[in-house]
file target_20.cif (mmCIF, C-alpha atoms)
data_my_file
loop_
_atom_site.label_atom_id
_atom_site.label_comp_id
_atom_site.auth_asym_id
_atom_site.auth_seq_id
_atom_site.Cartn_x
_atom_site.Cartn_y
_atom_site.Cartn_z
CA MET Q 1 -11.51 25.47 -13.98
CA ILE Q 2 -10.34 25.64 -10.35
CA VAL Q 3 -12.15 27.75 -7.75
CA ARG Q 4 -9.17 29.18 -5.88
CA GLN Q 5 -10.89 29.63 -2.51
CA ALA Q 6 -12.09 26.02 -2.46
CA ALA Q 7 -8.66 24.79 -3.53
CA ASN Q 8 -7.04 26.79 -0.71
CA VAL Q 9 -9.19 25.06 1.90
CA LEU Q 10 -8.26 21.63 0.58
CA GLU Q 11 -4.59 22.58 0.36
CA ILE Q 12 -4.65 23.61 4.02
CA MET Q 13 -6.02 20.20 5.01
CA GLU Q 14 -3.38 18.46 2.91
CA PHE Q 15 -0.76 20.64 4.59
CA PHE Q 16 -1.85 19.50 8.06
CA ALA Q 17 -1.93 15.88 6.91
CA GLN Q 18 1.71 16.25 5.92
CA VAL Q 19 3.10 18.22 8.88
CA LYS Q 20 0.97 16.44 11.53
CA LYS Q 21 1.25 19.30 14.03
CA PRO Q 22 -0.29 22.72 14.71
CA ALA Q 23 0.88 25.62 12.55
CA THR Q 24 0.72 29.36 13.04
CA LEU Q 25 -0.79 31.85 10.63
CA ALA Q 26 2.72 32.94 9.62
CA GLU Q 27 3.86 29.36 8.97
CA ILE Q 28 0.84 28.62 6.79
CA ALA Q 29 1.08 31.89 4.87
CA ASP Q 30 4.82 31.41 4.27
CA HIS Q 31 4.38 27.79 3.21
CA PHE Q 32 1.89 28.69 0.48
CA GLY Q 33 3.16 32.17 -0.31
CA TRP Q 34 -0.23 33.65 0.55
CA PRO Q 35 -0.82 37.21 1.87
CA ARG Q 36 -1.16 37.24 5.66
CA SER Q 37 -4.51 39.03 5.47
CA SER Q 38 -6.21 36.47 3.21
CA THR Q 39 -4.64 33.60 5.17
CA PHE Q 40 -6.06 35.07 8.39
CA ASN Q 41 -9.52 35.39 6.82
CA LEU Q 42 -9.44 31.77 5.64
CA LEU Q 43 -8.25 30.40 8.99
CA ALA Q 44 -10.77 32.53 10.86
CA THR Q 45 -13.60 31.24 8.66
CA LEU Q 46 -12.58 27.61 9.19
CA SER Q 47 -12.35 28.24 12.93
CA GLU Q 48 -15.78 29.88 13.02
CA LYS Q 49 -17.25 26.87 11.20
CA GLY Q 50 -15.68 24.50 13.71
CA TYR Q 51 -13.04 22.96 11.45
CA LEU Q 52 -9.94 24.47 13.09
CA TYR Q 53 -9.01 25.16 16.70
CA GLU Q 54 -6.01 26.25 18.76
CA PRO Q 55 -4.85 23.28 20.90
CA ARG Q 56 -2.72 25.58 23.07
CA PRO Q 57 -2.53 29.38 23.41
CA ARG Q 58 -0.49 30.95 20.61
CA ALA Q 59 0.67 27.49 19.43
CA GLY Q 60 -1.12 27.67 16.11
CA PHE Q 61 -4.10 26.07 14.43
CA TYR Q 62 -4.98 22.40 13.93
CA PRO Q 63 -8.01 20.63 12.40
CA THR Q 64 -10.79 19.55 14.77
CA PRO Q 65 -12.28 16.02 14.72
CA ARG Q 66 -15.23 17.48 12.79
CA TRP Q 67 -13.41 16.63 9.55
CA LEU Q 68 -13.15 12.98 10.56
CA ALA Q 69 -16.77 12.82 11.69
CA MET Q 70 -17.98 14.24 8.38
CA ALA Q 71 -15.68 11.98 6.36
CA ARG Q 72 -17.05 8.94 8.18
CA MET Q 73 -20.66 9.97 7.55
CA ILE Q 74 -19.90 10.51 3.86
CA SER Q 75 -17.99 7.26 3.41
CA GLU Q 76 -20.74 5.21 5.07
CA VAL Q 77 -23.11 6.08 2.22
CA GLU Q 78 -21.01 4.59 -0.60
CA PRO Q 79 -18.55 2.25 1.11
CA LEU Q 80 -16.30 -0.03 -0.88
CA PRO Q 81 -16.83 -3.69 -0.02
CA ALA Q 82 -14.12 -4.96 2.32
CA TRP Q 83 -12.93 -7.50 -0.24
CA THR Q 84 -11.80 -4.76 -2.62
CA HIS Q 85 -9.12 -3.57 -0.21
CA GLN Q 86 -8.04 -7.16 0.30
CA LEU Q 87 -7.84 -7.40 -3.48
CA ILE Q 88 -5.37 -4.57 -3.92
CA SER Q 89 -3.45 -5.59 -0.79
CA ASP Q 90 -2.97 -9.11 -2.18
CA LEU Q 91 -2.05 -7.78 -5.62
CA SER Q 92 0.51 -5.36 -4.22
CA THR Q 93 2.05 -8.08 -2.05
CA GLU Q 94 2.28 -10.60 -4.87
CA THR Q 95 3.54 -8.22 -7.57
CA GLY Q 96 5.57 -5.85 -5.40
CA GLU Q 97 3.89 -2.95 -7.21
CA THR Q 98 1.27 -0.32 -6.39
CA ALA Q 99 -2.34 -1.52 -6.72
CA SER Q 100 -5.42 0.69 -6.73
CA ILE Q 101 -9.19 0.86 -7.07
CA VAL Q 102 -10.20 3.63 -9.48
CA ALA Q 103 -13.50 5.41 -10.22
CA PRO Q 104 -14.62 7.88 -12.91
CA ALA Q 105 -14.70 11.63 -12.29
CA GLY Q 106 -15.74 13.31 -15.53
CA VAL Q 107 -12.80 13.26 -17.94
CA MET Q 108 -10.55 12.00 -15.18
CA ALA Q 109 -10.15 8.77 -13.23
CA VAL Q 110 -9.71 9.13 -9.47
CA PHE Q 111 -7.99 6.68 -7.13
CA ILE Q 112 -10.35 5.80 -4.26
CA ASP Q 113 -8.23 3.13 -2.56
CA VAL Q 114 -4.49 2.52 -2.86
CA VAL Q 115 -1.89 0.11 -1.55
CA GLU Q 116 1.54 1.45 -2.47
CA SER Q 117 4.52 -0.68 -3.35
CA LYS Q 118 7.22 -0.87 -0.70
CA ALA Q 119 9.97 -0.62 -3.33
CA ALA Q 120 12.20 2.46 -3.27
CA ILE Q 121 11.44 3.10 -6.95
CA ARG Q 122 7.69 2.75 -7.33
CA TYR Q 123 4.49 4.30 -8.60
CA PHE Q 124 3.63 6.97 -6.04
CA ALA Q 125 -0.17 7.14 -5.85
CA THR Q 126 -2.49 8.26 -3.08
CA ILE Q 127 -6.23 8.29 -2.54
CA GLY Q 128 -7.58 11.22 -4.55
CA HIS Q 129 -4.87 10.97 -7.23
CA ARG Q 130 -6.37 11.82 -10.65
CA VAL Q 131 -5.33 10.76 -14.13
CA PRO Q 132 -6.88 11.33 -17.58
CA ILE Q 133 -9.55 8.72 -18.18
CA HIS Q 134 -8.56 8.16 -21.83
CA ALA Q 135 -4.78 8.09 -21.41
CA THR Q 136 -4.36 5.45 -18.72
CA ALA Q 137 -5.03 1.74 -18.33
CA SER Q 138 -7.18 2.36 -15.24
CA GLY Q 139 -9.22 5.01 -17.04
CA ARG Q 140 -9.78 2.95 -20.16
CA ALA Q 141 -10.95 0.04 -18.00
CA LEU Q 142 -13.65 2.46 -16.83
CA LEU Q 143 -14.52 3.59 -20.36
CA LEU Q 144 -15.10 -0.04 -21.33
CA GLN Q 145 -18.11 0.06 -19.00
CA TYR Q 146 -19.64 3.05 -20.78
CA SER Q 147 -22.07 2.91 -23.66
CA GLN Q 148 -20.87 4.40 -26.94
CA GLU Q 149 -23.14 7.39 -26.38
CA GLU Q 150 -21.68 7.94 -22.92
CA ARG Q 151 -18.12 7.68 -24.22
CA ASP Q 152 -18.86 10.14 -27.01
CA SER Q 153 -20.13 12.61 -24.42
CA VAL Q 154 -16.87 12.24 -22.44
CA TYR Q 155 -14.73 12.58 -25.58
CA ARG Q 156 -16.30 15.95 -26.38
CA LYS Q 157 -14.95 17.31 -23.09
CA ILE Q 158 -11.41 15.92 -23.35
CA GLU Q 159 -8.48 18.10 -24.33
CA PHE Q 160 -6.31 15.56 -26.13
CA LYS Q 161 -2.64 16.05 -25.26
CA GLN Q 162 0.54 14.18 -26.08
CA TYR Q 163 1.54 13.17 -22.55
CA GLY Q 164 3.88 10.45 -23.81
CA PRO Q 165 4.96 8.76 -27.04
CA SER Q 166 2.04 6.32 -26.95
CA THR Q 167 -0.72 8.64 -25.70
CA PRO Q 168 -3.91 8.25 -27.75
CA ILE Q 169 -4.55 11.78 -29.01
CA SER Q 170 -7.79 11.31 -30.91
CA ILE Q 171 -11.18 9.72 -30.36
CA GLU Q 172 -10.41 7.01 -32.90
CA ALA Q 173 -7.10 6.23 -31.20
CA VAL Q 174 -8.87 5.76 -27.87
CA GLU Q 175 -11.57 3.62 -29.47
CA THR Q 176 -8.91 1.51 -31.19
CA GLU Q 177 -7.16 0.94 -27.87
CA LEU Q 178 -10.47 -0.03 -26.26
CA ARG Q 179 -11.07 -2.60 -29.02
CA ASN Q 180 -7.55 -3.93 -28.51
CA SER Q 181 -8.19 -4.13 -24.77
CA ILE Q 182 -11.31 -6.22 -25.34
CA SER Q 183 -9.35 -8.55 -27.62
CA ARG Q 184 -6.49 -9.08 -25.18
CA GLY Q 185 -8.77 -9.19 -22.12
CA TYR Q 186 -7.26 -6.28 -20.22
CA CYS Q 187 -6.18 -2.65 -20.54
CA GLN Q 188 -2.52 -1.72 -20.58
CA SER Q 189 -0.38 1.38 -20.58
CA PHE Q 190 3.27 1.85 -21.44
CA ALA Q 191 4.15 5.45 -20.55
CA ASP Q 192 0.88 6.59 -22.14
CA TYR Q 193 0.51 9.23 -19.43
CA SER Q 194 3.32 8.98 -16.89
CA ARG Q 195 6.86 8.68 -18.17
CA ASP Q 196 8.53 5.28 -17.56
CA LEU Q 197 5.35 3.88 -15.99
CA ALA Q 198 3.55 0.73 -17.11
CA GLY Q 199 0.42 -0.96 -15.82
CA ALA Q 200 -2.44 -3.38 -16.36
CA ALA Q 201 -6.08 -2.85 -15.42
CA ILE Q 202 -9.43 -4.56 -15.75
CA PRO Q 203 -13.00 -3.34 -15.20
CA LEU Q 204 -14.37 -3.95 -11.70
CA PRO Q 205 -18.11 -3.22 -11.80
CA ILE Q 206 -19.76 -3.52 -8.39
CA GLY Q 207 -23.52 -3.23 -8.54
CA ASP Q 208 -24.17 -0.12 -10.62
CA ARG Q 209 -20.78 1.38 -9.76
CA ARG Q 210 -18.15 1.60 -12.47
CA LEU Q 211 -14.76 0.86 -10.99
CA SER Q 212 -11.47 -0.57 -12.19
CA VAL Q 213 -8.50 -2.23 -10.54
CA VAL Q 214 -4.98 -1.44 -11.70
CA VAL Q 215 -1.46 -2.57 -10.89
CA ALA Q 216 1.27 -0.17 -12.02
CA GLY Q 217 4.97 0.33 -11.57
CA PRO Q 218 8.23 1.32 -13.27
CA GLU Q 219 8.25 0.18 -16.89
CA PHE Q 220 11.67 -1.45 -16.58
CA ARG Q 221 10.30 -3.75 -13.85
CA ILE Q 222 6.67 -4.41 -14.69
CA GLY Q 223 6.65 -3.84 -18.45
CA PRO Q 224 7.70 -7.38 -19.52
CA LYS Q 225 5.24 -8.86 -17.02
CA VAL Q 226 2.10 -6.89 -17.93
CA PRO Q 227 0.23 -9.89 -19.44
CA ASP Q 228 1.06 -12.00 -16.37
CA VAL Q 229 0.04 -9.19 -14.03
CA ALA Q 230 -3.29 -8.80 -15.87
CA ALA Q 231 -3.93 -12.54 -15.53
CA LEU Q 232 -3.12 -12.33 -11.83
CA ILE Q 233 -5.55 -9.45 -11.38
CA ALA Q 234 -8.34 -11.43 -13.03
CA ARG Q 235 -7.63 -14.54 -10.93
CA THR Q 236 -7.50 -12.55 -7.71
CA VAL Q 237 -10.78 -10.78 -8.46
CA ASP Q 238 -12.40 -14.15 -9.21
CA ARG Q 239 -11.06 -15.58 -5.94
CA LEU Q 240 -12.16 -12.70 -3.71
CA ARG Q 241 -15.38 -11.43 -5.27
CA PRO Q 242 -18.37 -12.88 -3.40
CA LYS Q 243 -20.07 -15.45 -5.61
CA THR Q 244 -23.61 -14.83 -4.39
CA THR Q 245 -23.74 -11.05 -4.75
CA ALA Q 246 -22.66 -8.34 -7.17
CA ALA Q 247 -20.94 -6.48 -4.30
#
call {"tool": "encode", "arguments": {"input": "target_20.cif", "output": "structure tokens"}}
result
Amino acid sequence: MIVRQAANVLEIMEFFAQVKKPATLAEIADHFGWPRSSTFNLLATLSEKGYLYEPRPRAGFYPTPRWLAMARMISEVEPLPAWTHQLISDLSTETGETASIVAPAGVMAVFIDVVESKAAIRYFATIGHRVPIHATASGRALLLQYSQEERDSVYRKIEFKQYGPSTPISIEAVETELRNSISRGYCQSFADYSRDLAGAAIPLPIGDRRLSVVVAGPEFRIGPKVPDVAALIARTVDRLRPKTTAA
């Protein structure tokens, strides 16, 4: 269930991140197809709370630095260790594909750090991108860190859909794939969720945080190399993870 008013606020911020310049009420309303009156009320509220301002008279609205200040305060509480970004940077460079750190978010897996491939045809993923936890390699690498009781609780909330020809569409199918993942030593996906996309992932627990690391790209390019990519991920984690700490 999406709360529309909350979604509208986030969509406005994503809009400014894309256009990178002030925008008038009319431009924002037209972009989203919103009524002028409700757009005005939303912009006025954000301005009153100190999140928007008008850089120049009648030039439109733009976010204030308050967003950045709050984001910094929030991120300082649960920062990712610096080596994890080096991990996905090295993996992306060596494989030529998109590499990401992923965390659980209910029945979804959310990307919390991403290094995109530089190839023209690539897996387009950004921080905040969400995928079904049961239907992706990155998500299943998270589920492997759950107890059976915890997984059963997640399964009860999942709406199983046939996203692709190999999507697991039952609890037993997911559990079978998890057992197969343990046997092979990594999780894999071949268009399980996204058409023509393949990837390899392994669990990346850090302290008490359940994370996974995934490398994904077009199936025609990465598909034949998935076992090699998985082995590379494991070697790179072993090389970069600090030996004297769980972080």
call {"tool": "resolve_selection", "arguments": {"input": "target_20.cif", "expression": "the PyMOL selection byres ((chain Q and resi 122) around 7)", "output": "ChimeraX atom specification"}}
result
/Q:97,117,119-121,123-124,217-218
call {"tool": "closest_atom_pairs", "arguments": {"input": "target_20.cif", "of": "range 38-144 of chain Q", "to": "range 188-195 of chain Q", "cutoff": "8 Å", "atoms": "only C-alpha atoms", "output": "CSV"}}
result
residue,atom,partner,partner_atom,distance
Q:Pro132,CA,Q:Tyr193,CA,7.9
Q:Ala135,CA,Q:Tyr193,CA,5.8
Q:Thr136,CA,Q:Ser189,CA,6.0
Q:Ala137,CA,Q:Gln188,CA,4.8
call {"tool": "residues_around", "arguments": {"input": "target_20.cif", "residues": "Arg235 in chain Q", "least_positions_apart": "4", "cutoff": "12 Å", "atoms": "all atoms listed in the file", "output": "PDB file with C-alpha atoms, keeping the file's coordinate frame"}}
result
ATOM      1  CA  LEU Q  87      -7.840  -7.400  -3.480  1.00  0.00           C
ATOM      2  CA  ASP Q  90      -2.970  -9.110  -2.180  1.00  0.00           C
ATOM      3  CA  LEU Q  91      -2.050  -7.780  -5.620  1.00  0.00           C
ATOM      4  CA  ILE Q 202      -9.430  -4.560 -15.750  1.00  0.00           C
ATOM      5  CA  ASP Q 228       1.060 -12.000 -16.370  1.00  0.00           C
ATOM      6  CA  VAL Q 229       0.040  -9.190 -14.030  1.00  0.00           C
ATOM      7  CA  ALA Q 230      -3.290  -8.800 -15.870  1.00  0.00           C
ATOM      8  CA  ALA Q 231      -3.930 -12.540 -15.530  1.00  0.00           C
ATOM      9  CA  ARG Q 239     -11.060 -15.580  -5.940  1.00  0.00           C
ATOM     10  CA  LEU Q 240     -12.160 -12.700  -3.710  1.00  0.00           C
ATOM     11  CA  ARG Q 241     -15.380 -11.430  -5.270  1.00  0.00           C
TER      12      ARG Q 241
END
call {"tool": "resolve_selection", "arguments": {"input": "target_20.cif", "expression": "the PyMOL selection byres ((chain Q and resi 159) around 12)", "output": "PyMOL selection string"}}
result
chain Q and resi 107-108+132-135+154-158+160-163+168-171
call {"tool": "atom_distance", "arguments": {"input": "target_20.cif", "atom1": "CA of Leu232 in chain Q", "atom2": "CA of Thr95 in chain Q"}}
result
8.9 Å
call {"tool": "resolve_selection", "arguments": {"input": "target_20.cif", "expression": "the PyMOL selection byres ((chain Q and resi 13-23) around 8)", "output": "list in words"}}
result
Val9, Leu10, Glu11, Ile12, Thr24, Leu25, Glu27, Ile28, Glu54, Pro55, Ala59, Gly60, Phe61, Tyr62 and Pro63 of chain Q
call {"tool": "closest_residue", "arguments": {"input": "target_20.cif", "among": "Q:Glu76, Q:Leu204, Q:Glu150, Q:Ser89", "to": "Gly106 in chain Q", "atoms": "all atoms listed in the file"}}
result
Q:Glu150
call {"tool": "atom_distance", "arguments": {"input": "target_20.cif", "atom1": "CA of Thr64 in chain Q", "atom2": "CA of Arg4 in chain Q"}}
result
22.8 Å
call {"tool": "atom_distance", "arguments": {"input": "target_20.cif", "atom1": "CA of Tyr186 in chain Q", "atom2": "CA of Gln145 in chain Q"}}
result
12.6 Å
call {"tool": "closest_residue", "arguments": {"input": "target_20.cif", "among": "Q:Ala6, Q:Ala26, Q:Val214, Q:Val110", "to": "Leu46 in chain Q", "atoms": "all atoms listed in the file"}}
result
Q:Ala6
call {"tool": "residues_around", "arguments": {"input": "target_20.cif", "residues": "range 101-104 of chain Q", "least_positions_apart": "4", "cutoff": "6 Å", "atoms": "all atoms listed in the file", "output": "PyMOL selection string"}}
result
chain Q and resi 109-113+211-213
call {"tool": "closest_residue", "arguments": {"input": "target_20.cif", "among": "Q:Ser75, Q:Thr126, Q:Ser166, Q:Ser181", "to": "Leu144 in chain Q", "atoms": "all atoms listed in the file"}}
result
Q:Ser181
call {"tool": "residues_around", "arguments": {"input": "target_20.cif", "residues": "Val215 in chain Q", "least_positions_apart": "4", "cutoff": "7 Å", "atoms": "only C-alpha atoms", "output": "list in words"}}
result
Glu97, Thr98, Ala99, Ser100, Gly199, Ala200 and Ala201 of chain Q
call {"tool": "closest_residue", "arguments": {"input": "target_20.cif", "among": "Q:Asp238, Q:Ala198, Q:His129, Q:Val115", "to": "Ile222 in chain Q", "atoms": "all atoms listed in the file"}}
result
Q:Ala198
call {"tool": "closest_residue", "arguments": {"input": "target_20.cif", "among": "Q:Asp152, Q:Glu116, Q:Glu175, Q:Asp30", "to": "Thr93 in chain Q", "atoms": "only C-alpha atoms"}}
result
Q:Glu116
call {"tool": "closest_residue", "arguments": {"input": "target_20.cif", "among": "Q:Pro227, Q:Pro205, Q:Pro57, Q:Pro81", "to": "Leu142 in chain Q", "atoms": "all atoms listed in the file"}}
result
Q:Pro205
call {"tool": "axis_aligned_box", "arguments": {"input": "target_20.cif", "around": "range 219-235 of chain Q", "padding_each_side": "8 Å", "output": "JSON"}}
result
{"center_x": 1.7, "center_y": -7.2, "center_z": -15.2, "size_x": 36.0, "size_y": 30.7, "size_z": 24.6}
